[in-house]
>>> print(open('my_file.txt').read())   # compact mmCIF, C-alpha atoms and all ligand atoms
# COMPACT_ATOMS: atom_id res chain seq x y z
CA MET A 1 28.85 -3.42 19.23
CA SER A 2 28.98 0.38 19.42
CA ASP A 3 31.83 0.54 16.89
CA GLN A 4 29.41 -0.98 14.37
CA PRO A 5 27.59 1.56 12.21
CA LYS A 6 24.16 2.56 13.49
CA THR A 7 21.24 1.08 11.57
CA TYR A 8 17.48 1.46 11.19
CA LEU A 9 15.18 -1.55 10.97
CA VAL A 10 11.82 -1.28 9.19
CA ILE A 11 9.04 -3.83 9.45
CA ASN A 12 6.27 -4.17 6.87
CA ALA A 13 3.93 -6.84 8.22
CA GLY A 14 1.33 -8.22 5.81
CA SER A 15 -1.25 -10.91 6.32
CA SER A 16 0.89 -13.80 5.12
CA SER A 17 4.41 -12.40 5.04
CA ILE A 18 6.61 -9.85 6.75
CA LYS A 19 8.99 -7.75 4.69
CA TYR A 20 11.80 -6.10 6.56
CA GLY A 21 14.71 -3.89 5.71
CA LEU A 22 17.88 -2.96 7.53
CA TYR A 23 19.57 0.31 6.51
CA ARG A 24 22.67 2.21 7.53
CA ALA A 25 21.48 5.17 9.59
CA ASP A 26 23.88 7.65 8.00
CA ASP A 27 23.02 7.24 4.31
CA LEU A 28 20.24 4.58 4.22
CA THR A 29 22.37 2.09 2.31
CA PRO A 30 20.41 -1.18 2.44
CA ILE A 31 22.15 -3.93 4.42
CA GLU A 32 19.37 -6.53 4.32
CA HIS A 33 15.99 -6.53 2.57
CA LYS A 34 14.02 -9.74 2.97
CA THR A 35 10.59 -11.33 3.12
CA ILE A 36 9.71 -13.94 5.74
CA GLU A 37 6.70 -16.17 5.07
CA THR A 38 4.98 -16.25 8.45
CA LYS A 39 3.74 -19.82 7.97
CA LYS A 40 7.25 -21.08 7.28
CA ALA A 41 8.59 -19.27 10.35
CA GLY A 42 6.01 -21.04 12.53
CA GLY A 43 3.65 -18.07 12.90
CA TYR A 44 3.69 -14.30 13.28
CA ALA A 45 5.37 -14.05 16.69
CA PRO A 46 8.29 -16.37 15.82
CA ALA A 47 8.77 -14.45 12.56
CA ILE A 48 9.03 -11.16 14.46
CA GLU A 49 11.40 -12.80 16.98
CA GLU A 50 13.60 -13.84 14.07
CA ILE A 51 13.72 -10.26 12.77
CA LEU A 52 14.38 -8.84 16.25
CA LYS A 53 17.64 -10.79 16.44
CA LEU A 54 18.95 -8.05 14.13
CA VAL A 55 18.47 -5.37 16.81
CA LYS A 56 21.48 -6.33 18.90
CA ALA A 57 23.48 -7.92 16.08
CA HIS A 58 23.34 -4.79 13.90
CA ASN A 59 23.25 -1.87 16.33
CA VAL A 60 19.68 -0.89 15.42
CA VAL A 61 18.94 2.59 16.83
CA ALA A 62 15.30 2.98 15.70
CA ILE A 63 12.56 0.86 14.21
CA GLY A 64 9.96 1.85 11.62
CA HIS A 65 6.59 0.15 11.14
CA ARG A 66 4.03 0.19 8.40
CA VAL A 67 0.74 0.85 10.18
CA VAL A 68 -2.29 0.52 7.97
CA HIS A 69 -4.53 3.22 9.47
CA GLY A 70 -3.73 6.72 10.62
CA GLY A 71 -7.36 7.87 10.48
CA LYS A 72 -8.20 11.50 9.72
CA ASP A 73 -5.56 12.98 12.01
CA TYR A 74 -2.27 11.35 11.08
CA ALA A 75 -1.18 12.92 7.82
CA ALA A 76 2.52 12.12 8.34
CA PRO A 77 4.67 9.50 10.09
CA VAL A 78 5.08 9.87 13.86
CA LYS A 79 7.26 8.66 16.69
CA VAL A 80 5.12 6.31 18.73
CA ASP A 81 4.37 7.12 22.36
CA ASP A 82 1.51 6.22 24.68
CA LYS A 83 -0.81 8.89 23.29
CA VAL A 84 -0.14 7.89 19.68
CA LEU A 85 -0.64 4.25 20.53
CA ALA A 86 -3.97 4.99 22.24
CA ASP A 87 -5.11 7.01 19.21
CA LEU A 88 -4.14 4.22 16.82
CA GLU A 89 -5.85 1.58 18.91
CA LYS A 90 -9.11 3.49 18.51
CA LEU A 91 -8.74 2.98 14.75
CA SER A 92 -8.54 -0.83 15.02
CA PRO A 93 -12.23 -1.33 14.12
CA LEU A 94 -11.50 0.37 10.76
CA ALA A 95 -8.83 -2.25 9.87
CA PRO A 96 -9.51 -5.23 12.12
CA LEU A 97 -7.26 -7.61 10.17
CA HIS A 98 -4.16 -5.42 10.21
CA GLN A 99 -4.19 -2.60 12.77
CA PRO A 100 -4.17 -4.79 15.94
CA HIS A 101 -1.33 -6.84 14.45
CA ASN A 102 0.75 -3.73 13.69
CA LEU A 103 0.20 -2.30 17.17
CA LYS A 104 0.91 -5.58 18.92
CA THR A 105 4.31 -5.67 17.24
CA ILE A 106 5.07 -2.12 18.38
CA LYS A 107 4.08 -2.95 21.98
CA MET A 108 6.08 -6.15 21.95
CA ILE A 109 9.21 -4.27 20.85
CA ALA A 110 8.58 -1.51 23.42
CA GLU A 111 8.57 -4.12 26.16
CA ARG A 112 11.70 -5.83 24.91
CA PHE A 113 13.68 -2.73 23.92
CA PRO A 114 12.12 0.16 25.86
CA GLU A 115 14.95 2.51 24.92
CA LEU A 116 14.43 2.06 21.17
CA PRO A 117 12.45 4.81 19.38
CA GLN A 118 9.72 3.47 17.08
CA VAL A 119 8.17 5.28 14.12
CA ALA A 120 4.79 4.53 12.56
CA SER A 121 4.29 5.19 8.83
CA PHE A 122 0.68 5.05 7.66
CA ASP A 123 -0.87 3.68 4.48
CA THR A 124 -3.55 6.35 4.70
CA ALA A 125 -1.38 9.41 5.44
CA PHE A 126 -0.37 10.27 1.87
CA HIS A 127 -4.02 10.78 0.88
CA ARG A 128 -4.82 13.37 3.52
CA THR A 129 -3.92 16.09 1.00
CA GLN A 130 -7.19 15.34 -0.84
CA SER A 131 -10.04 17.83 -0.84
CA LYS A 132 -12.98 17.13 1.44
CA LEU A 133 -15.12 16.48 -1.63
CA SER A 134 -12.72 13.81 -2.92
CA GLN A 135 -12.90 12.05 0.43
CA MET A 136 -16.70 12.13 0.82
CA TYR A 137 -19.27 9.43 0.19
CA ALA A 138 -22.84 10.36 -0.72
CA LEU A 139 -24.04 9.13 2.67
CA PRO A 140 -25.97 10.92 5.43
CA ARG A 141 -23.81 13.73 6.82
CA LYS A 142 -23.84 12.14 10.27
CA LEU A 143 -21.98 9.06 8.96
CA THR A 144 -19.38 11.22 7.23
CA GLU A 145 -18.76 13.61 10.11
CA ASP A 146 -19.45 11.61 13.27
CA GLU A 147 -18.59 8.07 12.21
CA GLY A 148 -15.62 8.98 10.01
CA ILE A 149 -16.99 7.08 7.05
CA VAL A 150 -14.91 8.73 4.33
CA ARG A 151 -12.45 7.59 1.68
CA TYR A 152 -9.15 7.12 3.50
CA GLY A 153 -7.24 5.45 0.68
CA PHE A 154 -4.31 3.06 1.13
CA HIS A 155 -0.93 2.08 -0.43
CA GLY A 156 0.27 5.52 0.64
CA LEU A 157 3.88 4.46 1.24
CA SER A 158 4.11 3.11 -2.28
CA TYR A 159 2.63 6.29 -3.79
CA GLU A 160 4.87 8.49 -1.68
CA TYR A 161 7.90 6.55 -2.85
CA ILE A 162 6.86 6.79 -6.53
CA ALA A 163 6.20 10.53 -6.15
CA SER A 164 9.66 10.94 -4.61
CA VAL A 165 11.53 9.27 -7.49
CA LEU A 166 9.33 10.40 -10.37
CA PRO A 167 11.19 13.67 -11.00
CA ALA A 168 14.41 11.69 -11.57
CA VAL A 169 12.67 9.18 -13.86
CA ALA A 170 10.28 11.40 -15.81
CA GLY A 171 11.68 14.90 -15.36
CA ALA A 172 10.49 17.61 -13.00
CA GLU A 173 7.82 18.96 -15.33
CA THR A 174 6.03 15.64 -15.88
CA ALA A 175 6.32 14.79 -12.18
CA LYS A 176 4.57 18.06 -11.32
CA GLY A 177 1.78 17.32 -13.78
CA ARG A 178 -1.32 15.11 -13.79
CA VAL A 179 -0.12 11.62 -12.92
CA ILE A 180 -1.99 8.37 -12.35
CA VAL A 181 -0.06 5.76 -10.39
CA ALA A 182 -1.31 2.18 -10.68
CA HIS A 183 -0.11 0.01 -7.79
CA LEU A 184 -1.00 -3.47 -9.04
CA GLY A 185 -0.13 -6.27 -6.63
CA ASN A 186 -2.29 -8.76 -4.77
CA GLY A 187 -3.88 -5.63 -3.37
CA ALA A 188 -4.37 -3.09 -6.15
CA SER A 189 -5.25 0.58 -6.24
CA MET A 190 -4.61 3.75 -8.19
CA ALA A 191 -3.89 7.28 -7.09
CA ALA A 192 -4.25 10.56 -8.96
CA LEU A 193 -1.32 12.88 -8.19
CA LYS A 194 -0.97 16.56 -8.97
CA ASP A 195 2.36 18.17 -8.14
CA GLY A 196 3.30 14.90 -6.41
CA LYS A 197 0.33 15.06 -4.02
CA SER A 198 -2.69 12.77 -3.84
CA VAL A 199 -5.91 14.35 -5.13
CA ALA A 200 -7.97 11.14 -5.46
CA THR A 201 -7.60 7.40 -5.04
CA THR A 202 -9.57 4.25 -5.79
CA MET A 203 -9.52 2.51 -2.41
CA GLY A 204 -11.97 4.00 0.02
CA PHE A 205 -13.10 3.56 3.61
CA THR A 206 -11.48 0.13 3.39
CA PRO A 207 -8.97 -1.48 0.99
CA LEU A 208 -11.90 -3.34 -0.61
CA ASP A 209 -13.00 -0.55 -2.95
CA GLY A 210 -11.84 0.32 -6.44
CA LEU A 211 -9.93 -2.10 -8.63
CA MET A 212 -10.57 -5.81 -8.92
CA MET A 213 -7.73 -7.49 -7.01
CA GLY A 214 -6.18 -10.89 -6.34
CA THR A 215 -8.96 -12.08 -4.04
CA ARG A 216 -10.93 -8.86 -3.39
CA ALA A 217 -13.96 -7.84 -5.42
CA GLY A 218 -13.16 -4.12 -5.76
CA ALA A 219 -15.99 -1.66 -6.47
CA THR A 220 -19.21 -3.62 -6.17
CA ASP A 221 -22.87 -2.62 -5.91
CA PRO A 222 -23.55 -2.51 -2.13
CA GLY A 223 -27.02 -3.81 -3.00
CA ILE A 224 -25.36 -7.19 -3.55
CA LEU A 225 -24.32 -7.24 0.12
CA LEU A 226 -27.89 -6.46 1.18
CA TYR A 227 -29.29 -9.11 -1.12
CA LEU A 228 -26.89 -11.76 0.21
CA LEU A 229 -27.52 -10.71 3.82
CA GLU A 230 -31.25 -11.19 3.24
CA LYS A 231 -30.46 -14.61 1.84
CA GLY A 232 -28.78 -15.62 5.08
CA GLU A 233 -25.13 -14.73 4.67
CA THR A 234 -23.49 -13.19 7.74
CA ALA A 235 -20.98 -10.37 8.16
CA GLN A 236 -18.31 -13.03 8.52
CA SER A 237 -19.29 -15.04 5.45
CA LEU A 238 -19.67 -11.89 3.34
CA SER A 239 -16.24 -10.73 4.43
CA ASP A 240 -14.87 -14.07 3.31
CA ILE A 241 -16.62 -13.86 -0.08
CA PHE A 242 -15.68 -10.24 -0.85
CA GLN A 243 -12.13 -10.25 0.57
CA LYS A 244 -10.87 -13.78 0.04
CA GLN A 245 -12.95 -15.56 -2.59
CA SER A 246 -13.48 -12.85 -5.21
CA GLY A 247 -11.24 -10.97 -7.63
CA LEU A 248 -8.94 -12.87 -9.98
CA LYS A 249 -9.26 -15.99 -7.86
CA GLY A 250 -13.05 -15.95 -7.74
CA VAL A 251 -13.65 -15.07 -11.37
CA SER A 252 -11.11 -17.55 -12.74
CA GLY A 253 -12.05 -20.28 -10.28
CA LEU A 254 -8.32 -21.09 -10.37
CA THR A 255 -5.89 -18.80 -8.59
CA GLU A 256 -5.10 -15.16 -7.84
CA ASP A 257 -1.60 -15.54 -9.23
CA VAL A 258 -1.41 -13.48 -12.41
CA ARG A 259 1.57 -15.46 -13.73
CA GLU A 260 -0.43 -18.69 -13.57
CA LEU A 261 -3.51 -17.06 -15.08
CA LEU A 262 -1.52 -15.66 -18.01
CA ALA A 263 -0.02 -19.10 -18.63
CA SER A 264 -3.39 -20.88 -18.46
CA SER A 265 -5.35 -21.83 -21.59
CA LYS A 266 -8.69 -21.89 -19.72
CA PRO A 267 -11.22 -19.30 -20.95
CA GLU A 268 -12.07 -18.42 -17.32
CA ALA A 269 -8.45 -17.40 -16.74
CA LYS A 270 -8.53 -15.06 -19.75
CA GLU A 271 -11.89 -13.66 -18.65
CA ALA A 272 -10.54 -12.95 -15.14
CA ILE A 273 -7.53 -11.10 -16.59
CA ASP A 274 -9.71 -9.11 -19.00
CA LEU A 275 -12.10 -8.14 -16.20
CA PHE A 276 -9.14 -7.07 -14.04
CA CYS A 277 -7.91 -4.87 -16.89
CA LEU A 278 -11.37 -3.45 -17.64
CA TYR A 279 -11.81 -2.48 -13.98
CA ALA A 280 -8.34 -0.93 -13.96
CA ALA A 281 -8.98 1.07 -17.15
CA ARG A 282 -12.36 2.33 -15.91
CA GLN A 283 -10.88 3.39 -12.60
CA ALA A 284 -7.98 5.14 -14.33
CA ALA A 285 -10.42 6.97 -16.60
CA SER A 286 -12.45 8.08 -13.58
CA LEU A 287 -9.31 9.57 -12.01
CA THR A 288 -8.82 11.75 -15.12
CA VAL A 289 -11.93 13.61 -13.92
CA ASP A 290 -10.18 14.53 -10.67
CA LEU A 291 -7.05 15.52 -12.58
CA GLY A 292 -8.70 17.23 -15.56
CA GLY A 293 -6.79 14.93 -17.93
CA VAL A 294 -3.62 12.92 -17.58
CA ASP A 295 0.03 13.55 -18.48
CA ALA A 296 1.60 10.33 -17.24
CA ILE A 297 0.66 6.87 -16.03
CA VAL A 298 3.03 4.92 -13.76
CA PHE A 299 2.82 1.16 -13.21
CA THR A 300 4.16 -0.40 -10.03
CA GLY A 301 3.55 -3.41 -7.71
CA GLY A 302 4.26 -7.05 -8.61
CA ILE A 303 1.86 -7.09 -11.57
CA GLY A 304 2.45 -3.53 -12.76
CA GLU A 305 6.23 -3.90 -12.66
CA ASN A 306 6.42 -7.31 -14.29
CA SER A 307 3.57 -7.94 -16.70
CA GLU A 308 3.82 -6.32 -20.12
CA ASP A 309 0.61 -8.15 -21.09
CA ILE A 310 -1.41 -6.56 -18.31
CA ARG A 311 0.03 -3.10 -18.99
CA ASN A 312 -0.85 -3.47 -22.67
CA ASN A 313 -4.32 -4.86 -21.91
CA ILE A 314 -5.15 -1.93 -19.59
CA LEU A 315 -3.74 0.80 -21.80
CA SER A 316 -5.36 -0.49 -24.99
CA ARG A 317 -8.67 0.26 -23.23
CA LEU A 318 -7.53 3.87 -22.70
CA SER A 319 -6.45 4.63 -26.27
CA HIS A 320 -9.14 7.36 -26.52
CA LEU A 321 -7.00 9.35 -24.06
CA GLY A 322 -4.17 9.28 -26.58
CA VAL A 323 -2.06 6.73 -24.67
CA LYS A 324 0.21 4.68 -26.93
CA LEU A 325 2.66 2.08 -25.74
CA ASP A 326 5.85 1.29 -27.57
CA PRO A 327 5.61 -2.53 -27.71
CA ALA A 328 9.37 -3.02 -27.85
CA LEU A 329 9.98 -0.76 -24.84
CA ASN A 330 7.06 -2.33 -22.96
CA ASN A 331 8.68 -5.74 -23.38
CA ALA A 332 12.19 -4.57 -22.64
CA ASP A 333 12.30 -3.79 -18.94
CA GLN A 334 12.47 -0.05 -19.54
CA ALA A 335 11.36 2.80 -17.28
CA ALA A 336 9.71 4.81 -20.09
CA ILE A 337 7.51 2.63 -22.31
CA HIS A 338 5.32 5.09 -24.28
CA SER A 339 5.71 5.60 -28.01
CA ALA A 340 7.20 8.85 -29.30
CA ASP A 341 3.77 10.12 -30.44
CA SER A 342 1.84 9.15 -27.28
CA ALA A 343 -0.14 12.00 -25.69
CA VAL A 344 0.43 10.40 -22.30
CA LYS A 345 3.79 9.25 -20.96
CA VAL A 346 3.93 5.78 -19.43
CA TYR A 347 6.49 4.56 -16.90
CA VAL A 348 7.29 1.39 -14.99
CA ILE A 349 8.88 2.02 -11.58
CA LYS A 350 9.66 -0.57 -8.92
CA THR A 351 8.19 0.54 -5.63
CA ASP A 352 10.09 0.42 -2.33
CA GLU A 353 7.84 0.88 0.67
CA GLU A 354 10.59 -0.21 3.06
CA LEU A 355 13.03 2.46 1.86
CA MET A 356 10.25 5.04 2.21
CA MET A 357 9.74 3.93 5.81
CA ALA A 358 13.49 4.12 6.45
CA GLN A 359 13.45 7.69 5.13
CA HIS A 360 10.64 8.51 7.56
CA VAL A 361 12.64 7.03 10.46
CA LYS A 362 15.75 9.01 9.46
CA LYS A 363 13.75 12.24 9.25
CA LEU A 364 12.13 11.74 12.65
CA MET A 365 15.47 10.81 14.24
CA GLN A 366 17.02 14.18 13.32
CA PRO A 367 17.65 16.42 16.33
CA SER A 368 15.25 18.99 14.86
CA ALA A 369 12.39 16.47 14.83
CA PRO A 370 9.96 16.37 17.77
CA ALA A 371 11.71 14.88 20.84
CA ALA A 372 11.79 11.11 21.19
CA LYS A 373 10.13 9.69 24.26
CA PRO A 374 12.24 6.59 24.77
CA ASP A 375 11.43 6.36 28.47
CA ILE A 376 7.70 6.18 27.89
CA LYS A 377 5.85 3.29 29.50
CA PHE A 378 3.55 1.58 27.09
CA ALA A 379 0.14 0.50 28.27
CA PRO A 380 -0.01 -3.31 28.58
P1 LIG B 1 1.56 -7.90 -2.62
O1 LIG B 1 0.41 -6.97 -2.84
O2 LIG B 1 1.21 -9.13 -1.85
O3 LIG B 1 2.83 -7.20 -2.14
P2 LIG B 1 2.99 -8.14 -5.14
O4 LIG B 1 3.12 -6.66 -5.35
O5 LIG B 1 4.20 -8.92 -4.85
O6 LIG B 1 1.87 -8.47 -4.07
O7 LIG B 1 2.28 -8.74 -6.45
C1 LIG B 1 1.93 -10.08 -6.55
C2 LIG B 1 1.34 -10.33 -7.93
O8 LIG B 1 2.33 -10.01 -8.93
C3 LIG B 1 0.93 -11.78 -8.18
O9 LIG B 1 -0.33 -11.82 -8.82
C4 LIG B 1 2.00 -12.26 -9.14
O10 LIG B 1 1.50 -13.26 -10.01
C5 LIG B 1 2.30 -11.01 -9.91
N1 LIG B 1 3.58 -11.12 -10.64
C6 LIG B 1 4.82 -11.22 -10.12
N2 LIG B 1 5.72 -11.39 -11.13
C7 LIG B 1 5.02 -11.42 -12.28
C8 LIG B 1 5.35 -11.57 -13.66
N3 LIG B 1 6.62 -11.73 -14.05
N4 LIG B 1 4.36 -11.54 -14.57
C9 LIG B 1 3.08 -11.38 -14.18
N5 LIG B 1 2.70 -11.23 -12.91
C10 LIG B 1 3.64 -11.24 -11.97
>>> encode(input="my_file.txt", output="structure tokens", more="lines below")
Ligand code: ADP
Amino acid sequence: MSDQPKTYLVINAGSSSIKYGLYRADDLTPIEHKTIETKKAGGYAPAIEEILKLVKAHNVVAIGHRVVHGGKDYAAPVKVDDKVLADLEKLSPLAPLHQPHNLKTIKMIAERFPELPQVASFDTAFHRTQSKLSQMYALPRKLTEDEGIVRYGFHGLSYEYIASVLPAVAGAETAKGRVIVAHLGNGASMAALKDGKSVATTMGFTPLDGLMMGTRAGATDPGILLYLLEKGETAQSLSDIFQKQSGLKGVSGLTEDVRELLASSKPEAKEAIDLFCLYAARQAASLTVDLGGVDAIVFTGGIGENSEDIRNNILSRLSHLGVKLDPALNNADQAAIHSADSAVKVYVIKTDEELMMAQHVKKLMQPSAPAAKPDIKFAP
């Protein structure tokens, strides 16, 4: 086994699927990059078991995890030890659907392979460069400072990846400028980047804020929650409405799948798509306030990468900013899709959160990185 090249395994566990990647440790060449549907694998634990078969078979020397919440303190990926794990467990109430899942996987691997270093990469970390003002809500100071009710932002691995490749795609000058990245997938958000760093983002304290999404409502008057609570809804039923029954699925009454909605002739499908694009355009325009204008817009995520219709629909609502698409380029699978006379450059870049995580693992596995603690005993 030891004559096999060393590899890193990264695990990106979502609610219904687990993406994983296996990379050569020396140069991060991808060896395997797959998605397992947890239902098909017979549940979450069997799916992880399936992935863990790679550890021995491929000489895995470290494992990276996407962990949704790093709170206020974790502004960069870390090697996981007992202290880190205890800190991250305290953040579980902030992301009850994902954080316990992520941490359970880390603990399970620590028990099975105690010698294997594990690295946590956070969705929130990339946004910790934002000013205090950008992260604040207009709530009583006590909630901001004592309860940690601030805008954390999410999709950080995707934004970090886009920021890392943007100089090669758009040139160093544009990449240093005022850039809005639109990550449009089932979950959708935007980030405003200056000099490759996050200055504002549309998701907030939770991934429910900002854009309309597949099944999430996005920015919504909190008075609606109060009204529905008074009418007898509960925290649980409201969570179901706002997280699972809203967005494209709720408005169309059909599905959250953008491909199906674009193919449908039902007026509700068109209305859902138009509302999605109106929300996206409004949110993009609001980020121009944080940036003082905009030099480039980047589309990524399943919808952003693949749907020329959605890109066109969103950008046609931002024409007052001087954005002009080149229709031929927009339809032609190109990286740069703006017209020659557009005041704002527009790019389509495929994101790669798993490669970003592998880069984090590689960096933290260098001898100069803080020492690994492979002999640490994890709390049960
Ligand atoms: P997740 O947030 O779950 O990772 P993805 O980034 O994979 O989601 O995005 C899923 C969305 O992308 C779905 O709404 C899907 O319909 C949409 N999508 C994928 N391919 C296309 C396409 N060719 N045209 C339009 N939408 C697409």
>>> atom_distance(input="my_file.txt", atom1="atom CA of A:Thr7", atom2="atom CA of A:Thr35")
18.4 Å
>>> closest_residue(input="my_file.txt", among="A:Asp352, A:Asp240, A:Glu147, A:Glu49", to="ligand LIG 1 (chain B)", atoms="only C-alpha atoms and all ligand atoms")
A:Asp352
>>> closest_atom_pairs(input="my_file.txt", of="chain A", to="ligand LIG 1 (chain B)", cutoff="6 Å", atoms="all atoms listed in the file", output="JSON lines")
{"residue": "A:Gly185", "atom": "CA", "partner": "B:LIG1", "partner_atom": "O7", "distance": 3.5}
{"residue": "A:Asn186", "atom": "CA", "partner": "B:LIG1", "partner_atom": "O1", "distance": 3.8}
{"residue": "A:Gly187", "atom": "CA", "partner": "B:LIG1", "partner_atom": "O1", "distance": 4.5}
{"residue": "A:Glu256", "atom": "CA", "partner": "B:LIG1", "partner_atom": "O9", "distance": 5.9}
{"residue": "A:Asp257", "atom": "CA", "partner": "B:LIG1", "partner_atom": "O10", "distance": 3.9}
{"residue": "A:Val258", "atom": "CA", "partner": "B:LIG1", "partner_atom": "O10", "distance": 3.8}
{"residue": "A:Arg259", "atom": "CA", "partner": "B:LIG1", "partner_atom": "O10", "distance": 4.3}
{"residue": "A:Gly301", "atom": "CA", "partner": "B:LIG1", "partner_atom": "O4", "distance": 4.0}
{"residue": "A:Gly302", "atom": "CA", "partner": "B:LIG1", "partner_atom": "O7", "distance": 3.4}
{"residue": "A:Ile303", "atom": "CA", "partner": "B:LIG1", "partner_atom": "O8", "distance": 4.0}
{"residue": "A:Asn306", "atom": "CA", "partner": "B:LIG1", "partner_atom": "N3", "distance": 4.4}
{"residue": "A:Ser307", "atom": "CA", "partner": "B:LIG1", "partner_atom": "N4", "distance": 4.3}
>>> residues_around(input="my_file.txt", residues="A:Val61", least_positions_apart="5", cutoff="8 Å", atoms="all atoms listed in the file", output="PyMOL selection string")
chain A and resi 6-8+55+116-117
>>> closest_atom_pairs(input="my_file.txt", of="stretch 210-313 of chain A", to="stretch 149-172 of chain A", cutoff="12 Å", atoms="only C-alpha atoms", output="Markdown table")
| residue | atom | partner | partner_atom | distance |
| --- | --- | --- | --- | --- |
| A:Gly210 | CA | A:Gly153 | CA | 9.9 |
| A:Asp295 | CA | A:Ala170 | CA | 10.8 |
| A:Ala296 | CA | A:Ala170 | CA | 8.9 |
| A:Ile297 | CA | A:Ala170 | CA | 10.6 |
| A:Val298 | CA | A:Ile162 | CA | 8.4 |
| A:Phe299 | CA | A:Ile162 | CA | 9.6 |
| A:Thr300 | CA | A:Ile162 | CA | 8.4 |
| A:Gly301 | CA | A:Ser158 | CA | 8.5 |
| A:Gly302 | CA | A:Ser158 | CA | 12.0 |
>>> atom_distance(input="my_file.txt", atom1="atom CA of A:Lys244", atom2="atom CA of A:His33")
27.9 Å
>>> residues_around(input="my_file.txt", residues="A:Leu52", least_positions_apart="2", cutoff="12 Å", atoms="all atoms listed in the file", output="MDAnalysis selection string")
chainID A and resid 8:11 20:22 45:50 54:60 62:63 105:106 108:110 112:113 116
>>> residues_near_point(input="my_file.txt", point="(-4.1, 12.3, 6.6)", cutoff="7 Å", atoms="all atoms listed in the file", output="ChimeraX atom specification")
/A:70-76,124-129
>>> closest_residue(input="my_file.txt", among="A:Lys345, A:Lys40, A:His338, A:His360", to="A:Arg178", atoms="all atoms listed in the file")
A:Lys345
>>> residues_around(input="my_file.txt", residues="A:Ala200", least_positions_apart="2", cutoff="12 Å", atoms="all atoms listed in the file", output="ChimeraX atom specification")
/A:126-136,151-154,156,159,178-181,189-194,196-198,202-204,210,283-284,286-292
>>> closest_residue(input="my_file.txt", among="A:Arg282, A:Met213, A:Lys266, A:Glu173", to="A:Lys249", atoms="all atoms listed in the file")
A:Met213
>>> residues_around(input="my_file.txt", residues="A:Val80", least_positions_apart="3", cutoff="7 Å", atoms="only C-alpha atoms", output="VMD selection string")
chain A and resid 84 to 85 118 to 120
>>> write_last_selection(input="my_file.txt", atoms="C-alpha atoms", output="CSV table (one decimal), keeping the file's coordinate frame")
chain,number,residue,atom,x,y,z
A,84,VAL,CA,-0.1,7.9,19.7
A,85,LEU,CA,-0.6,4.2,20.5
A,118,GLN,CA,9.7,3.5,17.1
A,119,VAL,CA,8.2,5.3,14.1
A,120,ALA,CA,4.8,4.5,12.6
>>> residues_around(input="my_file.txt", residues="A:Glu268", least_positions_apart="2", cutoff="9 Å", atoms="all atoms listed in the file", output="ChimeraX atom specification")
/A:251-254,261,265-266,270-273
>>> atom_distance(input="my_file.txt", atom1="atom CA of A:His183", atom2="atom CA of A:Thr201")
10.9 Å
>>> closest_residue(input="my_file.txt", among="A:Pro100, A:Pro93, A:Gly64, A:Gly232", to="A:Lys79", atoms="only C-alpha atoms")
A:Gly64
>>> closest_residue(input="my_file.txt", among="A:Thr220, A:Thr29, A:Ser17, A:Gln4", to="A:Tyr44", atoms="only C-alpha atoms")
A:Ser17
>>> closest_residue(input="my_file.txt", among="A:Lys19, A:Arg24, A:Lys53, A:Arg216", to="A:His65", atoms="all atoms listed in the file")
A:Lys19
